[in-house]
Structures are given as structure tokens and as C-alpha cells.
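K.L.:
Contents of protein_13.txt (compact mmCIF, C-alpha atoms):
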```txt
# COMPACT_ATOMS: atom_id res chain seq x y z
CA MET A 1 -51.78 8.31 20.51
CA THR A 2 -49.04 5.72 20.49
CA SER A 3 -45.54 5.95 19.15
CA THR A 4 -43.43 3.18 17.73
CA ASN A 5 -39.66 3.12 18.15
CA HIS A 6 -37.81 1.39 15.35
CA TYR A 7 -34.37 0.03 16.23
CA ALA A 8 -32.11 0.49 13.25
CA GLY A 9 -29.31 -1.67 14.64
CA PRO A 10 -25.79 -0.72 15.68
CA VAL A 11 -24.12 2.19 13.92
CA PRO A 12 -21.16 0.85 11.95
CA VAL A 13 -17.79 2.08 13.17
CA PRO A 14 -15.60 3.36 10.33
CA PRO A 15 -12.24 1.62 10.03
CA ILE A 16 -9.21 3.39 11.44
CA PRO A 17 -7.24 4.84 8.51
CA LEU A 18 -3.72 3.55 7.85
CA LEU A 19 -0.59 5.53 6.99
CA LEU A 20 2.21 3.61 5.27
CA VAL A 21 5.65 5.18 5.83
CA LEU A 22 8.72 3.89 4.00
CA ASP A 23 12.44 4.33 4.69
CA GLY A 24 13.53 5.37 1.22
CA ASN A 25 17.27 5.07 1.80
CA SER A 26 17.23 1.60 3.32
CA LEU A 27 14.90 0.29 0.61
CA LEU A 28 16.96 1.86 -2.17
CA HIS A 29 20.03 0.08 -0.82
CA ARG A 30 18.12 -3.20 -0.74
CA ALA A 31 16.83 -2.73 -4.26
CA TYR A 32 20.26 -1.70 -5.56
CA HIS A 33 21.97 -4.85 -4.32
CA ALA A 34 19.08 -7.14 -5.17
CA ALA A 35 18.91 -6.08 -8.81
CA ALA A 36 22.47 -4.93 -9.50
CA THR A 37 23.02 -7.76 -11.97
CA GLY A 38 20.11 -6.50 -14.06
CA ARG A 39 21.52 -2.95 -14.37
CA LEU A 40 18.39 -1.33 -15.76
CA LEU A 41 19.34 1.96 -17.42
CA ASP A 42 17.19 4.80 -18.70
CA HIS A 43 17.29 6.27 -22.20
CA GLY A 44 20.38 8.28 -21.28
CA ASP A 45 22.20 5.20 -19.92
CA ARG A 46 21.70 6.38 -16.36
CA PRO A 47 21.15 3.71 -13.67
CA VAL A 48 17.54 3.30 -12.52
CA TRP A 49 17.25 -0.27 -11.25
CA ALA A 50 17.22 0.72 -7.57
CA LEU A 51 14.61 3.39 -8.31
CA LYS A 52 12.42 0.81 -10.00
CA GLY A 53 12.90 -1.49 -7.01
CA LEU A 54 11.90 1.28 -4.60
CA VAL A 55 8.69 2.00 -6.52
CA GLY A 56 8.08 -1.74 -6.54
CA TYR A 57 8.38 -1.85 -2.75
CA VAL A 58 5.86 0.98 -2.43
CA ALA A 59 3.45 -0.70 -4.85
CA ARG A 60 3.67 -4.14 -3.27
CA ALA A 61 3.28 -2.81 0.26
CA ALA A 62 0.23 -0.82 -0.84
CA ALA A 63 -1.24 -3.93 -2.45
CA ARG A 64 -0.78 -5.96 0.70
CA LEU A 65 -1.71 -3.36 3.32
CA ARG A 66 -4.20 -1.15 1.42
CA PRO A 67 -3.12 2.07 3.19
CA ASP A 68 -5.11 5.28 3.01
CA ALA A 69 -1.99 7.42 2.63
CA VAL A 70 1.72 6.96 1.84
CA VAL A 71 4.87 8.88 2.82
CA VAL A 72 8.48 8.05 1.89
CA GLY A 73 11.31 9.46 4.01
CA PHE A 74 14.89 10.08 2.92
CA ASP A 75 18.14 10.97 4.68
CA CYS A 76 19.29 14.56 4.38
CA PRO A 77 22.55 14.40 2.39
CA ASP A 78 24.03 17.53 3.98
CA HIS A 79 25.15 18.50 7.49
CA PRO A 80 23.83 15.43 9.36
CA ALA A 81 23.05 16.29 12.98
CA ARG A 82 24.23 12.94 14.37
CA LYS A 83 27.57 13.27 12.58
CA ALA A 84 27.99 16.72 14.11
CA ASP A 85 27.24 15.25 17.54
CA TYR A 86 29.58 12.26 17.13
CA PRO A 87 32.06 12.56 14.24
CA LEU A 88 32.68 8.79 14.22
CA TYR A 89 29.00 8.10 13.46
CA LYS A 90 28.94 5.81 10.40
CA ALA A 91 32.59 6.73 9.81
CA GLN A 92 33.54 3.15 8.93
CA ARG A 93 31.19 2.96 5.95
CA PRO A 94 32.80 3.01 2.52
CA GLU A 95 31.76 5.54 -0.09
CA LYS A 96 28.57 4.59 -1.89
CA PRO A 97 29.03 3.30 -5.43
CA ALA A 98 28.52 6.15 -7.87
CA ASP A 99 25.59 4.45 -9.58
CA LEU A 100 23.80 4.03 -6.22
CA ALA A 101 24.54 7.61 -5.07
CA GLU A 102 23.13 8.90 -8.36
CA GLN A 103 19.85 7.05 -7.82
CA ILE A 104 19.57 8.14 -4.17
CA ALA A 105 20.05 11.76 -5.24
CA ILE A 106 17.14 11.78 -7.70
CA ALA A 107 14.74 9.48 -5.80
CA PRO A 108 12.86 12.15 -3.77
CA ALA A 109 12.17 14.32 -6.82
CA LEU A 110 11.11 11.32 -8.89
CA LEU A 111 8.62 10.11 -6.30
CA ARG A 112 7.24 13.62 -5.76
CA ALA A 113 6.71 14.04 -9.49
CA ALA A 114 4.89 10.70 -9.54
CA GLY A 115 2.58 11.96 -6.81
CA ILE A 116 4.01 10.10 -3.82
CA GLY A 117 4.47 12.16 -0.65
CA THR A 118 8.15 12.49 0.32
CA VAL A 119 10.03 14.07 3.22
CA THR A 120 13.77 14.86 3.35
CA PRO A 121 14.30 16.58 6.71
CA THR A 122 17.10 19.10 7.07
CA ALA A 123 20.01 17.50 8.99
CA TYR A 124 18.08 14.35 9.87
CA GLU A 125 17.42 10.88 8.49
CA ALA A 126 14.64 8.69 7.17
CA ASP A 127 14.38 7.08 10.64
CA ASP A 128 13.33 10.47 11.98
CA VAL A 129 10.67 10.74 9.27
CA LEU A 130 9.31 7.37 10.37
CA ALA A 131 9.20 8.46 14.01
CA SER A 132 7.59 11.81 13.23
CA SER A 133 5.08 10.25 10.84
CA ALA A 134 4.07 7.63 13.42
CA ALA A 135 3.56 10.37 16.03
CA HIS A 136 1.57 12.46 13.54
CA ALA A 137 -0.63 9.48 12.66
CA ARG A 138 -1.22 8.69 16.33
CA ARG A 139 -2.27 12.26 17.10
CA SER A 140 -4.63 12.19 14.13
CA GLY A 141 -6.30 8.94 15.20
CA TRP A 142 -4.64 6.90 12.44
CA ARG A 143 -2.64 3.69 12.52
CA SER A 144 0.77 3.47 10.87
CA VAL A 145 3.01 0.80 9.39
CA LEU A 146 6.69 1.69 9.06
CA MET A 147 8.47 -0.19 6.27
CA THR A 148 12.24 -0.45 6.64
CA SER A 149 15.14 -2.86 6.87
CA ASP A 150 16.47 -1.02 9.94
CA ARG A 151 15.77 -2.49 13.38
CA ASP A 152 16.00 0.89 15.14
CA SER A 153 12.35 1.45 14.26
CA PHE A 154 11.36 -1.34 16.66
CA ALA A 155 11.53 1.31 19.40
CA LEU A 156 8.59 3.08 17.71
CA ILE A 157 6.18 0.14 17.91
CA ASP A 158 3.05 0.57 19.99
CA ALA A 159 -0.66 -0.21 19.88
CA SER A 160 -1.12 1.90 16.74
CA THR A 161 2.30 1.47 15.11
CA SER A 162 3.81 -1.67 13.56
CA VAL A 163 7.00 -2.21 11.59
CA LEU A 164 7.10 -4.08 8.29
CA ARG A 165 10.73 -5.17 8.23
CA ILE A 166 12.36 -6.04 4.93
CA ARG A 167 15.01 -8.72 5.23
CA ASN A 168 17.25 -10.67 2.86
CA GLY A 169 15.02 -12.08 0.17
CA GLY A 170 13.04 -8.90 -0.41
CA PHE A 171 9.36 -8.30 0.09
CA ASN A 172 8.44 -11.99 0.19
CA GLU A 173 10.59 -12.35 3.31
CA ALA A 174 9.13 -9.29 5.03
CA VAL A 175 7.76 -9.70 8.54
CA MET A 176 5.27 -7.57 10.47
CA VAL A 177 6.62 -6.70 13.91
CA THR A 178 4.16 -5.79 16.69
CA PRO A 179 4.60 -5.39 20.45
CA ALA A 180 3.76 -9.07 20.96
CA SER A 181 6.09 -10.41 18.29
CA LEU A 182 8.94 -8.13 19.34
CA ALA A 183 8.70 -9.48 22.89
CA GLU A 184 8.57 -13.03 21.57
CA ILE A 185 11.61 -12.70 19.31
CA TYR A 186 13.85 -10.33 21.31
CA GLY A 187 12.51 -10.67 24.83
CA VAL A 188 12.00 -6.91 25.25
CA ALA A 189 9.13 -4.47 24.97
CA PRO A 190 9.29 -1.64 22.39
CA SER A 191 9.89 0.85 25.21
CA GLN A 192 13.01 -1.15 26.16
CA TYR A 193 14.36 -1.60 22.65
CA ARG A 194 16.59 1.49 22.62
CA ASP A 195 18.28 0.38 25.85
CA TYR A 196 18.64 -3.09 24.37
CA ALA A 197 20.24 -1.74 21.20
CA ALA A 198 22.46 0.68 23.12
CA LEU A 199 23.87 -2.15 25.24
CA ARG A 200 24.57 -4.31 22.19
CA GLY A 201 25.82 -1.48 20.02
CA ASP A 202 25.30 -1.08 16.29
CA PRO A 203 28.34 -1.88 14.13
CA SER A 204 26.58 -0.60 11.00
CA ASP A 205 26.52 2.89 12.55
CA ASN A 206 29.96 2.50 14.17
CA LEU A 207 28.46 2.52 17.66
CA ARG A 208 30.20 0.15 20.03
CA GLY A 209 28.20 -1.43 22.80
CA VAL A 210 29.14 -2.74 26.22
CA PRO A 211 31.54 -5.72 26.07
CA GLY A 212 29.84 -8.92 27.17
CA PHE A 213 26.36 -7.73 26.22
CA GLY A 214 24.94 -9.62 23.29
CA SER A 215 21.27 -10.11 22.55
CA ALA A 216 20.55 -12.62 25.31
CA THR A 217 22.47 -10.81 28.06
CA ALA A 218 20.92 -7.44 27.24
CA ALA A 219 17.43 -8.97 27.24
CA ARG A 220 18.05 -10.67 30.60
CA LEU A 221 19.18 -7.42 32.21
CA LEU A 222 16.12 -5.54 30.95
CA ALA A 223 13.76 -8.33 31.93
CA ALA A 224 15.12 -8.24 35.46
CA PHE A 225 15.39 -4.48 36.02
CA GLY A 226 13.18 -2.87 33.40
CA SER A 227 15.73 -0.38 32.08
CA VAL A 228 19.44 0.34 32.03
CA ASP A 229 18.94 3.28 34.39
CA GLU A 230 17.16 1.10 36.94
CA ALA A 231 19.96 -1.48 36.73
CA TRP A 232 22.57 1.24 37.26
CA ALA A 233 20.59 2.47 40.27
CA VAL A 234 20.80 -1.02 41.76
CA TRP A 235 24.54 -1.16 41.05
CA ASP A 236 25.14 2.30 42.50
CA GLY A 237 23.05 1.38 45.53
CA GLY A 238 25.57 -1.27 46.45
CA ASP A 239 23.72 -4.39 45.27
CA GLU A 240 26.23 -5.36 42.61
CA GLN A 241 25.48 -9.03 43.27
CA ALA A 242 21.96 -8.60 41.90
CA ILE A 243 23.45 -7.56 38.54
CA ARG A 244 26.00 -10.38 38.63
CA ASP A 245 23.26 -12.91 39.27
CA VAL A 246 21.49 -11.86 36.09
CA VAL A 247 24.32 -11.24 33.59
CA GLY A 248 27.36 -12.95 35.09
CA ASP A 249 30.52 -11.57 36.64
CA LYS A 250 32.36 -10.51 33.47
CA ALA A 251 29.42 -8.64 31.94
CA ALA A 252 28.59 -7.08 35.31
CA GLU A 253 32.11 -5.67 35.69
CA GLN A 254 31.82 -4.09 32.27
CA PHE A 255 28.33 -2.79 32.99
CA GLY A 256 29.45 -0.96 36.11
CA SER A 257 32.37 0.78 34.43
CA PRO A 258 32.42 4.47 33.43
CA ALA A 259 33.17 3.42 29.84
CA ALA A 260 29.92 1.46 29.70
CA ARG A 261 27.89 4.42 30.90
CA GLU A 262 29.53 6.65 28.33
CA ALA A 263 28.86 4.15 25.52
CA VAL A 264 25.24 3.56 26.46
CA ASP A 265 24.49 7.25 26.92
CA ARG A 266 26.07 8.05 23.55
CA ASN A 267 24.25 5.21 21.79
CA ARG A 268 20.87 6.09 23.26
CA ARG A 269 21.34 9.72 22.27
CA LEU A 270 22.26 8.89 18.69
CA MET A 271 19.66 6.13 18.33
CA ALA A 272 16.83 8.36 19.57
CA MET A 273 14.64 9.44 16.66
CA ARG A 274 13.05 12.85 16.27
CA ASP A 275 9.27 12.62 16.45
CA ASP A 276 8.56 16.32 15.99
CA LEU A 277 9.68 16.99 12.42
CA PRO A 278 7.25 18.63 9.96
CA ILE A 279 5.18 15.97 8.19
CA PRO A 280 2.65 16.61 5.39
CA LYS A 281 -0.98 16.81 6.38
CA LEU A 282 -2.41 13.34 5.97
CA ASP A 283 -5.12 14.48 3.59
CA THR A 284 -2.41 15.72 1.20
CA VAL A 285 -0.76 12.29 0.89
CA ARG A 286 -3.90 10.21 0.54
CA LEU A 287 -4.39 7.58 -2.11
CA PRO A 288 -5.34 7.06 -4.89
CA LEU A 289 -2.68 8.63 -7.06
CA ASP A 290 -3.13 9.39 -10.73
CA LEU A 291 -2.16 6.37 -12.82
CA GLY A 292 -1.43 8.39 -15.95
CA THR A 293 0.91 10.72 -14.10
CA MET A 294 2.74 7.86 -12.42
CA LYS A 295 3.27 5.93 -15.64
CA ARG A 296 4.39 9.03 -17.53
CA VAL A 297 6.89 10.16 -14.87
CA LEU A 298 8.32 6.70 -14.36
CA ALA A 299 8.53 5.98 -18.09
CA GLY A 300 10.48 9.21 -18.49
CA HIS A 301 13.17 7.51 -16.39
CA GLY A 302 12.98 4.21 -18.25
CA ILE A 303 10.81 2.56 -15.59
CA ILE A 304 7.86 0.80 -17.19
CA LEU A 305 5.19 -0.24 -14.69
CA GLY A 306 1.47 -0.67 -15.12
CA PRO A 307 -0.77 -3.26 -13.45
CA SER A 308 1.47 -3.46 -10.37
CA LEU A 309 0.49 0.13 -9.49
CA TRP A 310 -3.19 -0.78 -9.01
CA ALA A 311 -3.29 -0.36 -5.21
CA LEU A 312 -1.65 3.07 -5.40
CA THR A 313 -3.95 4.34 -8.13
CA GLY A 314 -7.36 3.00 -7.08
CA GLY A 315 -7.42 0.11 -9.53
CA ARG A 316 -8.59 -3.44 -9.05
CA SER A 317 -6.34 -6.28 -7.97
CA PRO A 318 -5.15 -8.40 -10.90
CA VAL A 319 -5.12 -11.36 -8.53
CA ALA A 320 -8.26 -13.09 -7.33
CA GLY A 321 -8.61 -15.38 -4.35
CA PRO A 322 -6.77 -15.59 -1.02
CA ASP A 323 -3.57 -13.93 -2.29
CA ALA A 324 -5.51 -10.73 -2.91
CA VAL A 325 -6.60 -10.39 0.72
CA PRO A 326 -4.49 -7.74 2.51
CA VAL A 327 -3.97 -9.51 5.84
CA PRO A 328 -0.29 -9.56 6.85
CA HIS A 329 0.73 -11.93 9.63
CA GLN A 330 2.90 -10.86 12.51
CA TRP A 331 6.39 -12.15 13.13
CA THR A 332 6.45 -15.29 15.24
CA TRP A 333 9.21 -17.55 16.42
CA LYS A 334 9.18 -21.02 14.92
CA LYS A 335 11.43 -23.51 16.65
CA SER A 336 12.88 -26.27 14.52
CA LEU A 337 15.65 -28.81 14.94
CA ARG A 338 16.30 -28.79 11.22
CA ALA A 339 19.22 -26.79 9.92
CA ARG A 340 17.19 -25.49 6.99
CA ARG A 341 15.12 -22.46 7.91
CA ASP A 342 11.47 -22.86 7.00
CA PRO A 343 9.41 -19.84 5.96
CA MET A 344 8.20 -18.06 9.07
CA PRO A 345 4.50 -17.47 9.63
CA GLY A 346 5.22 -13.74 9.63
CA GLN A 347 6.35 -13.74 6.01
CA LEU A 348 4.26 -11.78 3.55
CA ALA A 349 3.59 -13.35 0.18
CA LEU A 350 2.21 -11.28 -2.68
CA PHE A 351 1.17 -12.37 -6.13
```
Translate this structure into C-alpha cells?

P.N.:
Amino acid sequence: MTSTNHYAGPVPVPPIPLLLVLDGNSLLHRAYHAAATGRLLDHGDRPVWALKGLVGYVARAAARLRPDAVVVGFDCPDHPARKADYPLYKAQRPEKPADLAEQIAIAPALLRAAGIGTVTPTAYEADDVLASSAAHARRSGWRSVLMTSDRDSFALIDASTSVLRIRNGGFNEAVMVTPASLAEIYGVAPSQYRDYAALRGDPSDNLRGVPGFGSATAARLLAAFGSVDEAWAVWDGGDEQAIRDVVGDKAAEQFGSPAAREAVDRNRRLMAMRDDLPIPKLDTVRLPLDLGTMKRVLAGHGIILGPSLWALTGGRSPVAGPDAVPVPHQWTWKKSLRARRDPMPGQLALF
């Protein structure tokens, strides 16, 4: 008796699922300023243009990336932990315009009612939701894309986590930032980014850096020594000249001062993002969402959307051809002697 073995070919490997996580506050601010001249109001004359812009960001990102699940994070409006740690945190920022604050206040409830997963962590910020969501996705064997206009999230990038950064010009100017492109643009690895940012400081959060340390100087120091702590160890070990050779005498004097250590330690502490906050189970935030529910909830706030929601609701793309293919390009540096800035290869175009 003979037996015959039939080779059925390789077993297909299922694609790794993708979680899309959005920084609701930063995107609401972008949408508010981008569309403020339009001043879309609902039936009760309440402002909704930033809300419509935020939903548009979610819809366009879903159309381009085709995620399996979506989460939107928001800042907690009460008792912020970083403010308690450092009272001057963001102290220089003016009060939000009333029509923006009103839209920020109702955004989480609106998105939840529309079926979109949202997280507003007690005492923490949307950045912390991004960090915790990326960690949750990684533990679950998922990939994640973090969509924000904030560069702090660059510290979260790794083999399974990318950042879709929104810049001036909106979604069409967005760039995908990966470990390779971050190193190409900034000269640092994601694991070094928090040190890099701490040295430079962050004026938008009222965090002063070390005098003499701009982007180039901070990158040179980290390229030479790997981390701020390693560079301080060299300085404390008596080899101050090694630091001077890399950053110059003036920056080196500042770097070795007690004030610099205090500033960097404070900045790193405040820039560190929580990665252990409660995040919804991924199966509970999966797409597709219900189109009828989304349209009804949004229309109740004067936001009329339909075909643009196709990627969130399991519909078909209204666009055929290359523009319908969800393949974002990563951020790359394009040198040019012309003063006009050409579109970068990392830009995402949609529709």
C-alpha cells in the first residue's frame, strides 16, 4: 500500500492588526484654527466646526491607513498631575477661546455616542493615552499609529509603533514618522528623543531647556555619548574636554552646571508619558462602526457627513485607482537649494 503526500503550499500569515490612536485635543486645536473662518454652528447656534474637523481627521486617517480599531484620547480637564508636579507647566498659555473650550468639553461624549472609542484619563493627558494605547497594542501583538501634532510622541516610536504627525496644512501635509525617518530628520533614535527634547526645552509647555542646546547641539551630544546621563558621567569623571569637543565651550559650561541638571531632570519627568493607563479592550473598539448611528449623532450637532465615513463604517471607497490605496510614505529629508519648499515624499494625499 502506498501513500501520497499532497503539498498544499505555504500557510498564509494573517496581517498584523492595526490600532489607530488620535490625540483629540491637539487635533481639535488644529481643526479650530483651520476652519475658524467658516464658523459652522449647530441648530442652537453652538460652535461645531472644530468637532467636524476632528471627525474629518478620524475619517481621513481611517481611509488612508485602514485600521482595525480606533481610539481617541483627550486631556483630563481637572487636577492635571503635571501641573501639580510643576505649577509653571503650561502656565504661559492664554485662556482658550470660549468657542473652542465649548467644543473640547463635548467632544468625548459626541465621539462615544457616534461609536468611536474614547479615553479621558483622570489627571492625565491625551499623550498618556497614546503611550498606553501603543503599549497595549504591542502586548496584544498589534501595530499602532499615533496621530498627533505633538512631537513628544516621537519618543514612543518603535518597530510596531509609528507617528502620523499633523503639521500646518492639515492632513495633506501629514508625515509618517518611523525609527528610520526620525533618525534621518533629527539625528536621534526614538529612545533618545526625550533626552533630546529635555535639552532643547519645550516653550509650548513652558519648559526651558539648557542654554546653548538647540536641535543640532543636542543631537551631536547624544550621537557622541548615547544619553544625557552618559555625557554627565563623562563630565563628572573629569573628561570635560570630551564634552567641549562635541558641543563647544559655551554649551559645555552650561551642560555641566547644576541648573542644567535640574532643568533636564524636570523636563524628562514631565515629558515622560504614562504607558500603564486603562485602555479599552481592542475588540471593543474595532471597526466597522454603524453608519446610521454615526450620521444621526453627528447630524444632531449640525455635522452632516456621509460618504467620507466609508472607512469607519465598512463601506467602499468612493475613489478608484492609486489614490484609494492605503500606503502612507514615511518622512524623508529632501535637500533643495530652492527657497520654496517642495512637498516632501512623506506627505499623505487623500482624495

K.L.:
Let me make sure I understand: among A:Ala231, A:Ala198, A:Leu156, A:Ile116, which one has the smallest atom-to-atom distance to Thr178 in chain A if we use all atoms listed in the file?

P.N.:
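Residue with the minimum atom-to-atom distance to Thr178 in chain A: A:Leu156.
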
K.L.:
Determine, counting all atoms listed in the file, which protein, DNA and RNA residues have an atom within 10 Å of an atom of Pro280 in chain A; residues of the same chain fewer than 5 positions away are not included. Present the result as a list in words.

P.N.:
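The residues that qualify are Val71, Gly117, Thr118, Val119, Ser133, His136 and Val285 of chain A.
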
K.L.:
What separation in Å, quoted to one decimal, exists between CA of Phe225 in chain A and CA of Ala259 in chain A?

P.N.:
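If I compute the distance from CA of Phe225 in chain A to CA of Ala259 in chain A, I get 20.4 Å.
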
K.L.:
Rounded to one decimal place, report the CA of Glu102 in chain A-CA of Val48 in chain A distance in Å.

P.N.:
8.9 Å

K.L.:
Show which residues sit within 12 Å of Leu221 in chain A, as a PyMOL selection string. Count all atoms listed in the file, and ignore same-chain residues fewer than 5 positions away.

P.N.:
chain A and resi 187-188+192+195-196+199-200+212-216+226-232+234+242-248+251-252+255

K.L.:
Please identify all polymer residues within 12 Å of Lys83 in chain A, counting only C-alpha atoms, omitting same-chain residues fewer than 6 positions from it, and present them as a list in words.

P.N.:
Cys76, Pro77, Tyr89, Lys90, Ala91, Ala123, Tyr124, Glu125, Asp205, Asn206, Leu207 and Leu270 of chain A

K.L.:
Find the residue from A:Arg261, A:His33, A:Arg167, A:His79 that sits nearest to Val210 in chain A; use all atoms listed in the file when measuring.

P.N.:
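Checking each of A:Arg261, A:His33, A:Arg167, A:His79 against Val210 in chain A, counting all atoms listed in the file, the winner is A:Arg261.
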
K.L.:
Using all atoms listed in the file, can you tell me which of A:Leu22, A:Glu240, A:Gly201, A:Gly44 comes closest to Glu253 in chain A?

P.N.:
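Looking only at the distances to Glu253 in chain A, the closest residue turns out to be A:Glu240.
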
K.L.:
Would you mind putting back all heavy atoms on range 246-256 of chain A, then writing it out as a PDB file, in the frame of the given file?

P.N.:
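Full text of result.pdb as output:
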```pdb
ATOM      1  N   VAL A 246      22.270 -11.880  37.333  1.00  0.00           N
ATOM      2  CA  VAL A 246      21.490 -11.860  36.090  1.00  0.00           C
ATOM      3  C   VAL A 246      22.377 -11.990  34.858  1.00  0.00           C
ATOM      4  O   VAL A 246      22.057 -12.737  33.924  1.00  0.00           O
ATOM      5  CB  VAL A 246      20.662 -10.556  36.003  1.00  0.00           C
ATOM      6  CG1 VAL A 246      20.001 -10.417  34.636  1.00  0.00           C
ATOM      7  CG2 VAL A 246      19.610 -10.530  37.100  1.00  0.00           C
ATOM      8  N   VAL A 247      23.522 -11.284  34.822  1.00  0.00           N
ATOM      9  CA  VAL A 247      24.320 -11.240  33.590  1.00  0.00           C
ATOM     10  C   VAL A 247      25.671 -11.921  33.713  1.00  0.00           C
ATOM     11  O   VAL A 247      26.385 -12.059  32.704  1.00  0.00           O
ATOM     12  CB  VAL A 247      24.519  -9.776  33.134  1.00  0.00           C
ATOM     13  CG1 VAL A 247      23.180  -9.098  32.895  1.00  0.00           C
ATOM     14  CG2 VAL A 247      25.372  -8.985  34.116  1.00  0.00           C
ATOM     15  N   GLY A 248      26.054 -12.336  34.903  1.00  0.00           N
ATOM     16  CA  GLY A 248      27.360 -12.950  35.090  1.00  0.00           C
ATOM     17  C   GLY A 248      28.405 -11.941  35.505  1.00  0.00           C
ATOM     18  O   GLY A 248      28.232 -10.734  35.335  1.00  0.00           O
ATOM     19  N   ASP A 249      29.502 -12.450  36.071  1.00  0.00           N
ATOM     20  CA  ASP A 249      30.520 -11.570  36.640  1.00  0.00           C
ATOM     21  C   ASP A 249      31.206 -10.689  35.600  1.00  0.00           C
ATOM     22  O   ASP A 249      31.385  -9.489  35.814  1.00  0.00           O
ATOM     23  CB  ASP A 249      31.579 -12.407  37.373  1.00  0.00           C
ATOM     24  CG  ASP A 249      31.041 -13.018  38.657  1.00  0.00           C
ATOM     25  OD1 ASP A 249      30.044 -12.479  39.187  1.00  0.00           O
ATOM     26  OD2 ASP A 249      31.615 -14.016  39.127  1.00  0.00           O
ATOM     27  N   LYS A 250      31.604 -11.281  34.466  1.00  0.00           N
ATOM     28  CA  LYS A 250      32.360 -10.510  33.470  1.00  0.00           C
ATOM     29  C   LYS A 250      31.522  -9.379  32.892  1.00  0.00           C
ATOM     30  O   LYS A 250      31.972  -8.236  32.793  1.00  0.00           O
ATOM     31  CB  LYS A 250      32.872 -11.435  32.369  1.00  0.00           C
ATOM     32  CG  LYS A 250      33.973 -12.383  32.825  1.00  0.00           C
ATOM     33  CD  LYS A 250      34.505 -13.200  31.660  1.00  0.00           C
ATOM     34  CE  LYS A 250      35.641 -14.126  32.127  1.00  0.00           C
ATOM     35  NZ  LYS A 250      36.148 -14.947  30.986  1.00  0.00           N
ATOM     36  N   ALA A 251      30.290  -9.683  32.510  1.00  0.00           N
ATOM     37  CA  ALA A 251      29.420  -8.640  31.940  1.00  0.00           C
ATOM     38  C   ALA A 251      29.088  -7.595  32.991  1.00  0.00           C
ATOM     39  O   ALA A 251      29.007  -6.394  32.685  1.00  0.00           O
ATOM     40  CB  ALA A 251      28.150  -9.264  31.383  1.00  0.00           C
ATOM     41  N   ALA A 252      28.917  -8.029  34.240  1.00  0.00           N
ATOM     42  CA  ALA A 252      28.590  -7.080  35.310  1.00  0.00           C
ATOM     43  C   ALA A 252      29.726  -6.102  35.540  1.00  0.00           C
ATOM     44  O   ALA A 252      29.493  -4.896  35.749  1.00  0.00           O
ATOM     45  CB  ALA A 252      28.269  -7.840  36.590  1.00  0.00           C
ATOM     46  N   GLU A 253      30.966  -6.576  35.509  1.00  0.00           N
ATOM     47  CA  GLU A 253      32.110  -5.670  35.690  1.00  0.00           C
ATOM     48  C   GLU A 253      32.131  -4.620  34.590  1.00  0.00           C
ATOM     49  O   GLU A 253      32.406  -3.443  34.841  1.00  0.00           O
ATOM     50  CB  GLU A 253      33.408  -6.469  35.699  1.00  0.00           C
ATOM     51  CG  GLU A 253      33.624  -7.296  36.960  1.00  0.00           C
ATOM     52  CD  GLU A 253      33.751  -6.438  38.215  1.00  0.00           C
ATOM     53  OE1 GLU A 253      34.145  -5.250  38.095  1.00  0.00           O
ATOM     54  OE2 GLU A 253      33.444  -6.934  39.310  1.00  0.00           O
ATOM     55  N   GLN A 254      31.864  -5.045  33.368  1.00  0.00           N
ATOM     56  CA  GLN A 254      31.820  -4.090  32.270  1.00  0.00           C
ATOM     57  C   GLN A 254      30.669  -3.103  32.445  1.00  0.00           C
ATOM     58  O   GLN A 254      30.819  -1.898  32.219  1.00  0.00           O
ATOM     59  CB  GLN A 254      31.667  -4.839  30.937  1.00  0.00           C
ATOM     60  CG  GLN A 254      32.848  -5.694  30.550  1.00  0.00           C
ATOM     61  CD  GLN A 254      34.054  -4.879  30.124  1.00  0.00           C
ATOM     62  OE1 GLN A 254      33.952  -3.671  29.863  1.00  0.00           O
ATOM     63  NE2 GLN A 254      35.214  -5.513  30.060  1.00  0.00           N
ATOM     64  N   PHE A 255      29.520  -3.615  32.854  1.00  0.00           N
ATOM     65  CA  PHE A 255      28.330  -2.790  32.990  1.00  0.00           C
ATOM     66  C   PHE A 255      28.520  -1.667  34.006  1.00  0.00           C
ATOM     67  O   PHE A 255      28.021  -0.559  33.828  1.00  0.00           O
ATOM     68  CB  PHE A 255      27.144  -3.659  33.407  1.00  0.00           C
ATOM     69  CG  PHE A 255      25.857  -2.900  33.571  1.00  0.00           C
ATOM     70  CD1 PHE A 255      25.145  -2.452  32.465  1.00  0.00           C
ATOM     71  CD2 PHE A 255      25.357  -2.624  34.834  1.00  0.00           C
ATOM     72  CE1 PHE A 255      23.965  -1.743  32.610  1.00  0.00           C
ATOM     73  CE2 PHE A 255      24.163  -1.920  34.991  1.00  0.00           C
ATOM     74  CZ  PHE A 255      23.470  -1.470  33.886  1.00  0.00           C
ATOM     75  N   GLY A 256      29.257  -1.960  35.059  1.00  0.00           N
ATOM     76  CA  GLY A 256      29.450  -0.960  36.110  1.00  0.00           C
ATOM     77  C   GLY A 256      30.545   0.039  35.839  1.00  0.00           C
ATOM     78  O   GLY A 256      30.761   0.950  36.636  1.00  0.00           O
TER      79      GLY A 256
END
```
